[in-house]
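Read the structure below first, then the notes.
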Amino acid sequence: MSHQVLGVEEVNTAAEALRIAEFAKFKPAYYLEEINEIQINGSSWRMLASVDIENSEEDHFLAVVDKWTLSAETIIPPVERTVVDDLTKRQEPSHNGADLGLVNSHIRRTLIPKRKGKDCWLEEDVVVSKLDSSTYIQFIPRVTNSSDIPFYYPQVATYGFGYIRTDDNCTACTLVILVRELAIGSAVATKKQRSVWQDLVKKLYKWTVTERFGYQKHSEHDVIIGYEQYTAKYHQLKAKYAQRWVEGWTEQTDPKKFVYEDIAIASWLLCLWEQDTDAQDNNQPTFVDLGCGNGFLVYLLTSEGYTGYGIDQCARKIWTQYDCQVDLRAQTLEPFNFVTDADWVIGNHADELAPWVPIIAAKSTSPSAKFVVIPCCPHDLSGKKMPLKASAGQSKYHIY
């Protein structure tokens with residue numbers, strides 16, 4: 001049996017503990033209900049949030065906004081990728097791009113959305129400027145009318161971040177989020193919009209702190225399946241299945257959680273299986289989903305042409321809504337005695353069965369059996385929950 005384990009990088013636990021201690025100092029001020037208008041260099045801005053930060057240099061702040069400039073998808077999830085013009089070019093500022101001081105750099109970028117058939121691309125100016133001892137970065141959408149701003153973008157004429165010195169010794173400063181709204185309240189009109197700004201100031205603070213201590217990558221992402229390959233598959237399955245099943249869900253559970261989560265898992269598995277099938281030029285793999293619950297993952301994999309079945313201790317109402325070829329079995333599984341001939345053993349939030357998944361895969365009569373485990377609560381082989389205490393830089397899943 002072959003399997004792949006993605007390790008976690010060695011972490012400097014002392015530095016990680018200091019970084020986490022700095023995170024605990026995060027105490028933001030939000031101005032989402034009332035309007036906090038400020039004047040900067042003679043122009044008016046609405047401040048949405050601010051947070052004090054200690055011992056972080058301007059370079060730390062600039063390193064963060066530089067990453068966000070090159071990869072807008074980091075802070076705007078509906079964006080798939082960012083195309084940036086030649087960084088060596090210095091273009092003339094737009095009409096409202098130089099009002100926060102002396103322009104240090106001015107580039108142009110294009111945001112390419114994930115839903116290419118529904119959402120439009122957006123061209124944007126990014127302006128970094130200095131005013132006294134403070135530094136600002138502005139993001140300015142290049143649109144003729146405000147109605148041209150896509151849904152995934154803040155409903156503003158301009159938004160930006162600021163690094164403002166608050167003492168002469170350069171040991172303290174304030175990070176701020178600033179906007180120029182399209183209309184009064186347009187940037188914070190909905191609960192979702194308000195939560196975006198709250199998340200953004202928290203991310204700005206944490207990333208700036210992290211730059212100070214030095215970023216340590218804990219694990220490699222997109223190692224087995226490429227990001228673009230996975231994203232394309234996810235949007236294909238989402239368009240094909242999501243609306244129907246969210247609207248027709250018969251369980252008491254939240255359909256948006258389970259439908260979209262299982263579409264994501266199915267997308268990854270399908271990409272992996274297609275990749276393996278192409279590489280090995282063999283038949284499609286078979287599968288078994290242990291503790292399949294609502295069975296939606298089994299339904300998705302079966303609907304996409306793969307043969308397999310799911311097992312759970314009791315049937316669910318939703319099972320009757322699936323096509324007859326979806327093989328779901330209500331039975332008590334004794335893991336020590338259970339043997340399968342499946343090529344893939346899946347444990348998706350399988351609770352007490354999770355630690356048994358590798359063992360069951362090892363006993364599979366398939367000569368090329370593999371397994372995938374997506375754990376929820378850690379259990380040992382007796383079925384008892386395992387109390388796990390993670391150290392700085394570790395996750396409980398890594399320990400498990």
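Just remember, in the structure tokens the first chain shown is A, the second B, etc., residues are 1-based per chain, and ligands are 1-based in the order shown.
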As a ChimeraX atom specification, please: the residues near Gln321 of chain A (cut-off 12 Å, only C-alpha atoms, same-chain neighbours under 6 positions excluded). /A:244-245,248-251,294-296,299,328
So that I have them on file, write out the residues from the current selection with C-alpha atoms, as an mmCIF file, in the first residue's frame.
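Listing of out_11.cif after writing:
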data_model
loop_
_atom_site.group_PDB
_atom_site.id
_atom_site.type_symbol
_atom_site.label_atom_id
_atom_site.label_comp_id
_atom_site.auth_asym_id
_atom_site.auth_seq_id
_atom_site.Cartn_x
_atom_site.Cartn_y
_atom_site.Cartn_z
ATOM 1 C CA ARG A 244 -30.561 22.124 -6.370
ATOM 2 C CA TRP A 245 -29.419 20.500 -3.144
ATOM 3 C CA GLY A 248 -34.045 20.673 -1.621
ATOM 4 C CA TRP A 249 -32.190 19.651 1.550
ATOM 5 C CA THR A 250 -34.393 17.482 3.792
ATOM 6 C CA GLU A 251 -32.093 17.195 6.808
ATOM 7 C CA ASN A 294 -25.851 12.339 4.859
ATOM 8 C CA GLY A 295 -24.150 10.512 1.978
ATOM 9 C CA PHE A 296 -23.798 13.618 -0.174
ATOM 10 C CA TYR A 299 -23.687 10.934 -4.241
ATOM 11 C CA LEU A 328 -25.527 3.832 0.857
#
Contacts of segment 374-384 of chain A at 6 Å (only C-alpha atoms; same-chain gap of 5+ positions) as a list in words: Asn348, His349 and Glu352 of chain A
Tell me, as an mmCIF file with C-alpha atoms, in the first residue's frame, which residues lie within 9 Å of segment 221-236 of chain A, counting only C-alpha atoms; anything in the same chain fewer than 2 positions away does not count.
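Listed below is the output, result.cif:
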data_model
loop_
_atom_site.group_PDB
_atom_site.id
_atom_site.type_symbol
_atom_site.label_atom_id
_atom_site.label_comp_id
_atom_site.auth_asym_id
_atom_site.auth_seq_id
_atom_site.Cartn_x
_atom_site.Cartn_y
_atom_site.Cartn_z
ATOM 1 C CA LEU A 6 2.611 15.920 3.960
ATOM 2 C CA GLU A 80 -8.845 33.940 -8.573
ATOM 3 C CA LYS A 114 -13.209 32.998 -10.081
ATOM 4 C CA ARG A 115 -16.667 33.148 -11.696
ATOM 5 C CA SER A 219 3.180 23.590 5.715
ATOM 6 C CA LYS A 238 -20.831 23.979 -7.627
ATOM 7 C CA ALA A 239 -22.668 25.139 -10.755
ATOM 8 C CA LYS A 240 -23.900 21.597 -11.397
ATOM 9 C CA TYR A 241 -25.127 20.575 -7.931
ATOM 10 C CA ILE A 263 -18.439 19.743 -3.105
ATOM 11 C CA ALA A 264 -15.017 21.018 -2.055
ATOM 12 C CA ILE A 265 -13.903 17.574 -0.855
ATOM 13 C CA ALA A 266 -15.283 15.866 -3.965
ATOM 14 C CA SER A 267 -13.475 18.403 -6.180
ATOM 15 C CA TRP A 268 -10.139 17.585 -4.579
ATOM 16 C CA LEU A 270 -11.839 13.968 -8.416
ATOM 17 C CA CYS A 271 -8.786 16.025 -9.417
ATOM 18 C CA LEU A 272 -6.545 13.526 -7.647
ATOM 19 C CA GLN A 275 -4.541 12.782 -12.263
#
Best match for closeness to Arg46 of chain A among A:Thr110, A:Trp68, A:Ile76, A:Gly185, counting only C-alpha atoms: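 Of the candidates, the smallest distance to Arg46 of chain A is held by A:Gly185.
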Identify, on the basis of only C-alpha atoms, every residue whose closest approach to Val201 of chain A does not exceed 12 Å; exclude the query and any residue fewer than 2 positions from it along the same chain; express the result as number ranges by chain. A: 26-31, 47-53, 75, 160-163, 174-178, 194-199, 203-208
From segment 8-151 of chain A, collect each residue whose DSSP state is strand (DSSP E) and return the set as a ChimeraX atom specification. /A:29-30,37-40,43-54,79-84,102-113,122-131,134-141
